[in-house]
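Trainee: This is the structure I have questions about; it appears just below.
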Amino acid sequence: MDELHVRAAALVQRHPKDARLRRVGTSRAGLPMWLLSVGHGSRQALVVAGPHANEPVGGATALRLAERALADPRLREGADATWNLLLCLDPDGARRNEGWLSGPYTLGHYFRHFFRPGFREQPEWLPDGADGAALPETRALLDLQDELRPFFQCSLHGVDVGGGFVELTRELPGLAPRLAHTAARLGIPLELGPYDTLYWPTLGPAVYRIPPPRRADLAAAITEAAVESTWFHPHRYGTLTAVVEAPMWGVRAVEDASPSADADGALRAVSRTLRRDTRLLQALLTRIRPGLGTAADTASLLSPVDDYLLVCPGLADSWDPDTEADDGTHPLPPLDTARLTALRISARRIALRTAGLLHQLVTRAGHDPSGALPDLDRLIDAWCADYHDGYQARWIPVARQVEYQARVVLHAFELAGRRAPLSRPGASAIGTPPAKAEVPFE
């Protein structure tokens, strides 16, 4: 967190005419929220880094984008654009993930230091609507959206295990082939059926349309995400929002569109495994909870644990072909190898995150009267080995994650700029030399 601000301030010092840094909000714990702006165009682009606490690559991507915009006038004057880069939307949560950021970059180290707040403490969501937003981080972002009225907004997310993909609030023709080209050049697997987008329209390989927001209960909100959010809030201004997901550990099978020999059998297996893992975790929580006390730190770790354990039974039922669906549930789409792999990864992810949070609850308490820690260590080690050995999950160097995410943002920015009207008389559209590459920023 501190390094992001230091690097942004140094960038402004080197480019005082074209870059500015200002504080636009304060987190619940009193940490500053910094906005780095580059350029003086009348059309505003807003990039939001760090919306999820365990997805740190976006901060480095925001700085890379600022450097690109400063180096290439086509991204500023040529596009009549100002780049506004919110360096971290959840600085409190990001601070709590610093235990794994310096490495080693192993799955076990990551999950034992994983933190992500409960659903209602995640600042992009608006479970009570914009008027009911209570988190100061959320209010800061809403105020910024209302101030800037951006033609393009990008939310920088990360996938811990899997592949890259993009979610859009409106169709953006031409993005899918550019995404495929960038991913192939950088060796990033693309996720052709992410769990997040299971019920969403597909706009192209690894590109999905976010459904319009609707009121939903907590379980549906967590599993479908088609709820009110800061992704849709600025649409009254004509904003197009792109959510760019970059993987930390890549899995090649998530881009395998081949048919599955036994999809129903695979679904039964993943549902059965999730139910078993949920029972193990619930039993461990029952053992651990009496010795935890009531400290605020304990409550912040228990909140996501309770959320995860709340949704697991319903997830298992929704995937199980032998479970009769309740009225109003969505039928599963056709399931190829990519989608089934994504479901297996997601089921394992929710269990590993829960186990990691329980591990922290015990270690932070400083004592383990229930003897749960050895059991948690065994589970975490076994489940991480399943990712590493069973799915061939491999760490993607940070520099490559950043470059991939930055290039995808630039593709989306250019395509969105072509569709948005120019605000200043005489300003030209974003130029693209025909001979070199389709996008000059790559």
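In the structure tokens, the first chain shown is A, the next is B, and so on; residue numbers restart at 1 for each chain, and ligands run from 1 in the order shown.
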Could you pull the residues within 10 Å of Asp262 in chain A, counting only C-alpha atoms, minus those fewer than 4 positions along the same chain, as a PyMOL selection string?
Mentor: chain A and resi 266-267+335-337
Trainee: Tell me, as a ChimeraX atom specification, which residues lie within 12 Å of His157 in chain A, counting only C-alpha atoms; anything in the same chain fewer than 6 positions away does not count.
Mentor: /A:47-62,88-89,124,163-167,242-248,401-402,405-406,409
Trainee: Would you save the residues from that selection as an mmCIF file, in the first residue's frame, using N, CA and C atoms?
Mentor:
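Listed below is the output, result35.cif:
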data_model
loop_
_atom_site.group_PDB
_atom_site.id
_atom_site.type_symbol
_atom_site.label_atom_id
_atom_site.label_comp_id
_atom_site.auth_asym_id
_atom_site.auth_seq_id
_atom_site.Cartn_x
_atom_site.Cartn_y
_atom_site.Cartn_z
ATOM 1 N N VAL A 47 -10.265 4.144 -13.682
ATOM 2 C CA VAL A 47 -9.739 2.799 -13.443
ATOM 3 C C VAL A 47 -9.699 2.585 -11.931
ATOM 4 N N VAL A 48 -10.327 1.502 -11.475
ATOM 5 C CA VAL A 48 -10.448 1.214 -10.041
ATOM 6 C C VAL A 48 -9.604 -0.019 -9.718
ATOM 7 N N ALA A 49 -8.554 0.158 -8.944
ATOM 8 C CA ALA A 49 -7.695 -0.946 -8.541
ATOM 9 C C ALA A 49 -8.047 -1.400 -7.121
ATOM 10 N N GLY A 50 -7.754 -2.642 -6.829
ATOM 11 C CA GLY A 50 -7.917 -3.161 -5.470
ATOM 12 C C GLY A 50 -9.327 -3.225 -4.943
ATOM 13 N N PRO A 51 -10.352 -3.536 -5.775
ATOM 14 C CA PRO A 51 -11.703 -3.634 -5.220
ATOM 15 C C PRO A 51 -11.867 -4.840 -4.310
ATOM 16 N N HIS A 52 -11.114 -5.908 -4.577
ATOM 17 C CA HIS A 52 -11.092 -7.077 -3.695
ATOM 18 C C HIS A 52 -9.738 -7.150 -3.016
ATOM 19 N N ALA A 53 -9.762 -7.356 -1.719
ATOM 20 C CA ALA A 53 -8.557 -7.208 -0.910
ATOM 21 C C ALA A 53 -7.458 -8.178 -1.283
ATOM 22 N N ASN A 54 -7.798 -9.348 -1.780
ATOM 23 C CA ASN A 54 -6.803 -10.379 -2.079
ATOM 24 C C ASN A 54 -6.338 -10.343 -3.530
ATOM 25 N N GLU A 55 -6.662 -9.266 -4.249
ATOM 26 C CA GLU A 55 -6.316 -9.163 -5.670
ATOM 27 C C GLU A 55 -5.448 -7.925 -5.891
ATOM 28 N N PRO A 56 -4.145 -8.028 -5.586
ATOM 29 C CA PRO A 56 -3.301 -6.835 -5.527
ATOM 30 C C PRO A 56 -2.742 -6.372 -6.856
ATOM 31 N N VAL A 57 -2.844 -7.163 -7.918
ATOM 32 C CA VAL A 57 -2.153 -6.809 -9.153
ATOM 33 C C VAL A 57 -2.658 -5.497 -9.734
ATOM 34 N N GLY A 58 -3.919 -5.142 -9.456
ATOM 35 C CA GLY A 58 -4.483 -3.933 -10.046
ATOM 36 C C GLY A 58 -3.737 -2.660 -9.700
ATOM 37 N N GLY A 59 -3.154 -2.575 -8.506
ATOM 38 C CA GLY A 59 -2.401 -1.371 -8.151
ATOM 39 C C GLY A 59 -1.199 -1.185 -9.052
ATOM 40 N N ALA A 60 -0.462 -2.262 -9.292
ATOM 41 C CA ALA A 60 0.681 -2.186 -10.195
ATOM 42 C C ALA A 60 0.234 -1.912 -11.625
ATOM 43 N N THR A 61 -0.916 -2.470 -12.014
ATOM 44 C CA THR A 61 -1.453 -2.208 -13.346
ATOM 45 C C THR A 61 -1.824 -0.741 -13.498
ATOM 46 N N ALA A 62 -2.418 -0.143 -12.469
ATOM 47 C CA ALA A 62 -2.776 1.279 -12.537
ATOM 48 C C ALA A 62 -1.540 2.145 -12.773
ATOM 49 N N CYS A 88 -6.288 2.132 -4.924
ATOM 50 C CA CYS A 88 -6.805 0.994 -4.157
ATOM 51 C C CYS A 88 -8.141 1.368 -3.536
ATOM 52 N N LEU A 89 -9.172 0.582 -3.847
ATOM 53 C CA LEU A 89 -10.512 0.855 -3.314
ATOM 54 C C LEU A 89 -10.678 0.320 -1.895
ATOM 55 N N GLU A 124 -17.436 -2.532 -3.655
ATOM 56 C CA GLU A 124 -18.079 -2.372 -4.961
ATOM 57 C C GLU A 124 -19.567 -2.698 -4.932
ATOM 58 N N GLY A 163 -8.005 -18.679 -14.995
ATOM 59 C CA GLY A 163 -7.589 -17.965 -16.192
ATOM 60 C C GLY A 163 -8.159 -16.575 -16.237
ATOM 61 N N GLY A 164 -7.800 -15.839 -17.267
ATOM 62 C CA GLY A 164 -8.263 -14.468 -17.432
ATOM 63 C C GLY A 164 -9.582 -14.409 -18.182
ATOM 64 N N PHE A 165 -10.344 -13.370 -17.925
ATOM 65 C CA PHE A 165 -11.570 -13.107 -18.663
ATOM 66 C C PHE A 165 -11.987 -11.666 -18.408
ATOM 67 N N VAL A 166 -12.990 -11.210 -19.180
ATOM 68 C CA VAL A 166 -13.483 -9.835 -19.076
ATOM 69 C C VAL A 166 -15.001 -9.867 -18.959
ATOM 70 N N GLU A 167 -15.533 -9.027 -18.089
ATOM 71 C CA GLU A 167 -16.973 -8.865 -17.933
ATOM 72 C C GLU A 167 -17.333 -7.435 -18.327
ATOM 73 N N ALA A 242 -15.914 -2.169 -17.718
ATOM 74 C CA ALA A 242 -15.238 -3.433 -18.004
ATOM 75 C C ALA A 242 -14.568 -3.921 -16.726
ATOM 76 N N VAL A 243 -14.803 -5.176 -16.383
ATOM 77 C CA VAL A 243 -14.135 -5.822 -15.251
ATOM 78 C C VAL A 243 -13.090 -6.761 -15.843
ATOM 79 N N VAL A 244 -11.815 -6.471 -15.576
ATOM 80 C CA VAL A 244 -10.719 -7.232 -16.187
ATOM 81 C C VAL A 244 -10.090 -8.134 -15.137
ATOM 82 N N GLU A 245 -10.222 -9.432 -15.346
ATOM 83 C CA GLU A 245 -9.722 -10.444 -14.413
ATOM 84 C C GLU A 245 -8.390 -10.996 -14.925
ATOM 85 N N ALA A 246 -7.375 -10.967 -14.064
ATOM 86 C CA ALA A 246 -6.054 -11.492 -14.414
ATOM 87 C C ALA A 246 -5.684 -12.604 -13.434
ATOM 88 N N PRO A 247 -5.262 -13.775 -13.922
ATOM 89 C CA PRO A 247 -4.971 -14.891 -13.017
ATOM 90 C C PRO A 247 -3.601 -14.786 -12.366
ATOM 91 N N MET A 248 -3.513 -15.296 -11.124
ATOM 92 C CA MET A 248 -2.228 -15.401 -10.429
ATOM 93 C C MET A 248 -1.589 -16.764 -10.670
ATOM 94 N N GLN A 401 1.463 -10.713 -15.220
ATOM 95 C CA GLN A 401 0.081 -10.403 -14.839
ATOM 96 C C GLN A 401 -0.240 -8.940 -15.135
ATOM 97 N N VAL A 402 0.674 -8.064 -14.743
ATOM 98 C CA VAL A 402 0.459 -6.624 -14.917
ATOM 99 C C VAL A 402 0.389 -6.261 -16.394
ATOM 100 N N GLN A 405 -2.928 -7.436 -17.911
ATOM 101 C CA GLN A 405 -4.077 -6.642 -17.498
ATOM 102 C C GLN A 405 -4.036 -5.243 -18.116
ATOM 103 N N ALA A 406 -2.861 -4.645 -18.164
ATOM 104 C CA ALA A 406 -2.742 -3.307 -18.751
ATOM 105 C C ALA A 406 -3.107 -3.308 -20.232
ATOM 106 N N VAL A 409 -6.889 -3.574 -20.661
ATOM 107 C CA VAL A 409 -7.530 -2.292 -20.366
ATOM 108 C C VAL A 409 -7.384 -1.336 -21.546
#
Trainee: Near Asp317 in chain A, within 7 Å and counting only C-alpha atoms, which residues show up once chain neighbours fewer than 4 positions away are dropped, as a list in words?
Mentor: Ser271, Pro313 and Thr323 of chain A
Trainee: So that I can check the surroundings of range 99-103 of chain A, please list as a list of chain:residue names every protein, DNA and RNA residue that reaches within 9 Å of it, counting only C-alpha atoms and ignoring chain neighbours fewer than 4 positions away.
Mentor: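 Answer for this query is A:Pro56, A:Arg95, A:His109, A:Tyr110, A:Phe111, A:Arg112, A:His113, A:Phe114.
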Trainee: Which residue is closest to Asp377 in chain A? Choose from A:Leu357, A:Ala296, A:His15, A:Leu192 and count only C-alpha atoms.
Mentor: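 For Asp377 in chain A, the nearest of the candidates is A:Leu357.
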Trainee: So which one's closest to Ser155 in chain A, A:Leu203, A:Leu86, A:Val38, A:Ala299? Using only C-alpha atoms, please.
Mentor: A:Leu86
Trainee: Hey, can you check how far CA of Val408 in chain A sits from CA of Leu75 in chain A?
Mentor: 14.2 Å
Trainee: Tell me which protein, DNA and RNA residues are within 7 Å of range 359-370 of chain A, counting only C-alpha atoms, leaving out same-chain ones fewer than 6 positions away, and put them as a list in words.
Mentor: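 Counting only the stated atoms, we get Arg112, Arg287, Ile288, Leu292, Thr298, Leu301 and Leu376 of chain A.
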Trainee: With a distance cut-off of 7 Å and only C-alpha atoms, select the neighbouring residues of Arg22 in chain A, excluding the residue or stretch itself and same-chain residues fewer than 5 positions from it, and output the selection as a ChimeraX atom specification.
Mentor: /A:34-36
Trainee: Could those selected residues go to a file with C-alpha atoms, as an mmCIF file, in the first residue's frame?
Mentor:
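Everything below was put into result.cif:
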data_model
loop_
_atom_site.group_PDB
_atom_site.id
_atom_site.type_symbol
_atom_site.label_atom_id
_atom_site.label_comp_id
_atom_site.auth_asym_id
_atom_site.auth_seq_id
_atom_site.Cartn_x
_atom_site.Cartn_y
_atom_site.Cartn_z
ATOM 1 C CA TRP A 34 -5.439 8.147 -3.620
ATOM 2 C CA LEU A 35 -6.461 9.121 -7.148
ATOM 3 C CA LEU A 36 -3.714 9.511 -9.752
#
Trainee: Taking only C-alpha atoms into account, name the residue in A:Asp256, A:Val398, A:Gln153, A:Arg116 that is nearest to Val305 in chain A.
Mentor: A:Arg116
Trainee: As a PyMOL selection string, please: all residues of range 24-221 of chain A that backbone DSSP puts in helix (DSSP H, G or I).
Mentor: chain A and resi 57-71+73-75+77-79+91-96+98-101+107-112+119-121+130-132+136-148+175-186+195-197+218-221
Trainee: Hey, which of A:Val254, A:Val270, A:Leu358, A:Leu315 ends up closest to Leu285 in chain A? Count only C-alpha atoms.
Mentor: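 The shortest atom-to-atom distance to Leu285 in chain A comes from A:Leu358.
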Trainee: Please give the complete set of residues from range 29-114 of chain A that DSSP, run on the backbone, assigns to strand (DSSP E or B), formatted as a ChimeraX atom specification.
Mentor: /A:32-38,43-48,81-86
Trainee: Only N, CA and C atoms, please: the residues just picked out, written as an mmCIF file, in the first residue's frame.
Mentor:
data_model
loop_
_atom_site.group_PDB
_atom_site.id
_atom_site.type_symbol
_atom_site.label_atom_id
_atom_site.label_comp_id
_atom_site.auth_asym_id
_atom_site.auth_seq_id
_atom_site.Cartn_x
_atom_site.Cartn_y
_atom_site.Cartn_z
ATOM 1 N N PRO A 32 -5.635 6.579 3.660
ATOM 2 C CA PRO A 32 -6.030 7.452 2.552
ATOM 3 C C PRO A 32 -6.327 6.667 1.289
ATOM 4 N N MET A 33 -7.231 7.186 0.480
ATOM 5 C CA MET A 33 -7.542 6.640 -0.833
ATOM 6 C C MET A 33 -7.065 7.650 -1.869
ATOM 7 N N TRP A 34 -6.124 7.233 -2.720
ATOM 8 C CA TRP A 34 -5.439 8.147 -3.620
ATOM 9 C C TRP A 34 -5.913 7.969 -5.056
ATOM 10 N N LEU A 35 -6.118 9.104 -5.725
ATOM 11 C CA LEU A 35 -6.461 9.121 -7.148
ATOM 12 C C LEU A 35 -5.309 9.759 -7.922
ATOM 13 N N LEU A 36 -4.763 9.017 -8.854
ATOM 14 C CA LEU A 36 -3.714 9.511 -9.752
ATOM 15 C C LEU A 36 -4.368 9.844 -11.083
ATOM 16 N N SER A 37 -4.253 11.092 -11.522
ATOM 17 C CA SER A 37 -4.862 11.530 -12.779
ATOM 18 C C SER A 37 -3.783 11.940 -13.758
ATOM 19 N N VAL A 38 -3.957 11.531 -15.008
ATOM 20 C CA VAL A 38 -2.982 11.804 -16.072
ATOM 21 C C VAL A 38 -3.718 12.381 -17.270
ATOM 22 N N ARG A 43 -12.788 13.995 -21.831
ATOM 23 C CA ARG A 43 -13.441 12.700 -21.617
ATOM 24 C C ARG A 43 -12.685 11.949 -20.518
ATOM 25 N N GLN A 44 -13.438 11.495 -19.535
ATOM 26 C CA GLN A 44 -12.832 10.896 -18.348
ATOM 27 C C GLN A 44 -12.867 9.362 -18.420
ATOM 28 N N ALA A 45 -11.734 8.754 -18.128
ATOM 29 C CA ALA A 45 -11.650 7.306 -17.947
ATOM 30 C C ALA A 45 -11.322 7.056 -16.483
ATOM 31 N N LEU A 46 -12.039 6.120 -15.870
ATOM 32 C CA LEU A 46 -11.840 5.810 -14.458
ATOM 33 C C LEU A 46 -11.412 4.353 -14.325
ATOM 34 N N VAL A 47 -10.265 4.144 -13.682
ATOM 35 C CA VAL A 47 -9.739 2.799 -13.443
ATOM 36 C C VAL A 47 -9.699 2.585 -11.931
ATOM 37 N N VAL A 48 -10.327 1.502 -11.475
ATOM 38 C CA VAL A 48 -10.448 1.214 -10.041
ATOM 39 C C VAL A 48 -9.604 -0.019 -9.718
ATOM 40 N N ALA A 81 -8.664 12.536 -23.620
ATOM 41 C CA ALA A 81 -8.972 11.751 -22.424
ATOM 42 C C ALA A 81 -8.112 12.145 -21.232
ATOM 43 N N THR A 82 -8.706 12.040 -20.073
ATOM 44 C CA THR A 82 -7.994 12.089 -18.799
ATOM 45 C C THR A 82 -8.131 10.725 -18.140
ATOM 46 N N TRP A 83 -7.000 10.177 -17.738
ATOM 47 C CA TRP A 83 -6.985 8.894 -17.031
ATOM 48 C C TRP A 83 -7.031 9.163 -15.529
ATOM 49 N N ASN A 84 -8.031 8.610 -14.862
ATOM 50 C CA ASN A 84 -8.173 8.731 -13.413
ATOM 51 C C ASN A 84 -8.019 7.348 -12.805
ATOM 52 N N LEU A 85 -6.969 7.156 -12.026
ATOM 53 C CA LEU A 85 -6.610 5.834 -11.536
ATOM 54 C C LEU A 85 -6.691 5.799 -10.014
ATOM 55 N N LEU A 86 -7.744 5.155 -9.498
ATOM 56 C CA LEU A 86 -7.895 4.974 -8.053
ATOM 57 C C LEU A 86 -6.983 3.823 -7.643
#
Trainee: Separation of CA of Val161 in chain A and CA of Arg279 in chain A, in Å?
Mentor: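 Taking CA of Val161 in chain A and CA of Arg279 in chain A, their separation equals 23.3 Å.
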Trainee: Which is closer to Pro334 in chain A than all the others in A:Ala183, A:Ala257, A:Leu21, A:Leu144, using only C-alpha atoms?
Mentor: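 Between A:Ala183, A:Ala257, A:Leu21, A:Leu144, the residue approaching Pro334 in chain A most closely is A:Ala257.
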Trainee: What does the distance from CA of Tyr199 in chain A to CA of Tyr387 in chain A come to in Å, to one decimal?
Mentor: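 Going from CA of Tyr199 in chain A over to CA of Tyr387 in chain A, I get 24.6 Å.
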